[in-house]
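Text of final-v9.txt (compact mmCIF, C-alpha atoms) as supplied:
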# COMPACT_ATOMS: atom_id res chain seq x y z
CA MET Z 1 -22.44 -11.76 12.06
CA PRO Z 2 -21.49 -14.55 9.62
CA ASP Z 3 -18.65 -12.70 7.87
CA TYR Z 4 -16.04 -11.06 10.10
CA THR Z 5 -13.98 -9.42 7.35
CA CYS Z 6 -15.64 -6.08 8.13
CA LEU Z 7 -13.73 -6.06 11.41
CA VAL Z 8 -10.37 -5.77 9.60
CA THR Z 9 -11.37 -3.08 7.10
CA PRO Z 10 -10.34 -0.23 9.47
CA ILE Z 11 -6.83 -1.67 9.34
CA PHE Z 12 -6.92 -1.50 5.54
CA ARG Z 13 -7.98 2.14 5.70
CA ALA Z 14 -5.04 3.02 7.97
CA TYR Z 15 -2.57 1.39 5.57
CA GLU Z 16 -4.25 3.08 2.60
CA TYR Z 17 -4.10 6.49 4.29
CA TYR Z 18 -0.33 6.29 4.68
CA LEU Z 19 0.18 4.85 1.20
CA HIS Z 20 -1.81 7.77 -0.28
CA LYS Z 21 0.22 10.25 1.80
CA ILE Z 22 3.60 8.83 0.82
CA LEU Z 23 2.92 7.86 -2.78
CA GLY Z 24 0.57 10.71 -3.63
CA GLU Z 25 1.65 13.72 -1.63
CA ILE Z 26 5.37 13.11 -1.18
CA MET Z 27 6.23 11.22 -4.38
CA GLY Z 28 3.62 12.93 -6.57
CA LEU Z 29 2.11 9.72 -7.96
CA ASP Z 30 -1.53 9.27 -8.93
CA THR Z 31 -2.91 6.91 -6.30
CA GLU Z 32 -6.56 6.88 -7.42
CA THR Z 33 -8.26 5.84 -10.63
CA ASP Z 34 -10.77 8.08 -12.35
CA LYS Z 35 -13.53 6.19 -10.52
CA GLY Z 36 -11.90 6.76 -7.11
CA ALA Z 37 -10.45 3.29 -6.57
CA ASN Z 38 -7.01 2.89 -5.04
CA ASN Z 39 -4.08 2.64 -7.42
CA PHE Z 40 -1.00 1.31 -5.66
CA SER Z 41 0.51 -0.40 -8.73
CA PHE Z 42 3.99 0.97 -8.07
CA PHE Z 43 5.44 -2.19 -6.53
CA THR Z 44 6.98 -5.42 -7.75
CA LYS Z 45 7.55 -8.59 -5.76
CA ASN Z 46 11.20 -9.57 -5.32
CA ALA Z 47 12.68 -13.08 -5.02
CA ALA Z 48 12.22 -13.00 -1.22
CA GLY Z 49 8.48 -12.36 -1.62
CA LEU Z 50 8.69 -8.74 -0.46
CA TYR Z 51 7.39 -5.78 -2.43
CA GLU Z 52 9.66 -2.99 -3.66
CA CYS Z 53 8.65 0.34 -5.12
CA ASN Z 54 9.44 0.42 -8.85
CA SER Z 55 8.59 4.06 -9.54
CA ARG Z 56 11.19 6.56 -10.72
CA SER Z 57 9.83 8.90 -8.03
CA LYS Z 58 11.36 6.74 -5.31
CA SER Z 59 14.48 8.89 -5.59
CA SER Z 60 12.57 11.59 -3.67
CA LEU Z 61 12.73 9.37 -0.56
CA SER Z 62 15.70 8.61 1.69
CA ASN Z 63 16.78 4.98 2.02
CA GLN Z 64 15.07 4.78 5.41
CA GLN Z 65 11.83 6.19 4.00
CA LEU Z 66 11.96 3.84 1.01
CA ASN Z 67 12.49 0.84 3.28
CA TYR Z 68 9.51 1.97 5.37
CA LEU Z 69 7.35 2.33 2.24
CA ASN Z 70 8.34 -1.10 0.95
CA ASN Z 71 7.62 -2.70 4.32
CA LEU Z 72 4.32 -0.83 4.62
CA TYR Z 73 3.11 -2.02 1.22
CA THR Z 74 4.30 -5.59 1.87
CA LYS Z 75 2.32 -5.67 5.13
CA TYR Z 76 -0.71 -4.02 3.50
CA ASN Z 77 -0.72 -6.55 0.69
CA SER Z 78 -0.30 -9.52 3.03
CA VAL Z 79 -3.17 -8.36 5.25
CA ARG Z 80 -5.59 -7.07 2.65
CA HIS Z 81 -5.23 -9.61 -0.13
CA PRO Z 82 -6.52 -12.68 1.76
CA TYR Z 83 -9.58 -10.81 3.05
CA SER Z 84 -10.54 -9.01 -0.14
CA HIS Z 85 -9.93 -11.58 -2.86
What does this structure look like when you write it as structure tokens?
Amino acid sequence: MPDYTCLVTPIFRAYEYYLHKILGEIMGLDTETDKGANNFSFFTKNAAGLYECNSRSKSSLSNQQLNYLNNLYTKYNSVRHPYSH
């Protein structure tokens, strides 16, 4: 197998599952485009290089849940981006 990126895609799917659950089901955000692609454009990168949710719906989460979400997306982005782009 010349390209081993397929071995990490199950990790992406696990991250995406939880992002869909939190952003879509709990916060009520639209996490898919009309064509079915993921839409996780609810984050901005801060000065420390970490991602923070910028949606008004973040008020539906406790501070602990929001910290978890921000850490989850930061990890997802750091793992997925190098292998997919």
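Counting all atoms listed in the file, the residue from Z:His20, Z:Leu7, Z:Lys75, Z:Leu66 that sits nearest to Ala37 (chain Z) is Z:His20.
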Using all atoms listed in the file, determine which residues lie at most 7 Å from region 44-55 of chain Z, disregarding the query and same-chain residues fewer than 3 positions distant; provide the list as a short mmCIF file (atom, residue, chain, number, x, y, z; two decimals) with C-alpha atoms, keeping the file's coordinate frame.
data_model
loop_
_atom_site.label_atom_id
_atom_site.label_comp_id
_atom_site.auth_asym_id
_atom_site.auth_seq_id
_atom_site.Cartn_x
_atom_site.Cartn_y
_atom_site.Cartn_z
CA LYS Z 58 11.36 6.74 -5.31
CA ASN Z 70 8.34 -1.10 0.95
CA TYR Z 73 3.11 -2.02 1.22
CA THR Z 74 4.30 -5.59 1.87
#
- Enter the distance from CA of Leu61 (chain Z) to CA of Arg13 (chain Z), in Å, rounded to one decimal. 22.8 Å
- Task: Would you please work out which residue, of Z:Gln65, Z:Ala14, Z:Leu19, Z:Arg80, is nearest to Thr31 (chain Z) when using all atoms listed in the file?
- Result: Z:Leu19
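Counting from CA of His81 (chain Z), the distance to CA of Pro10 (chain Z) is 14.4 Å.
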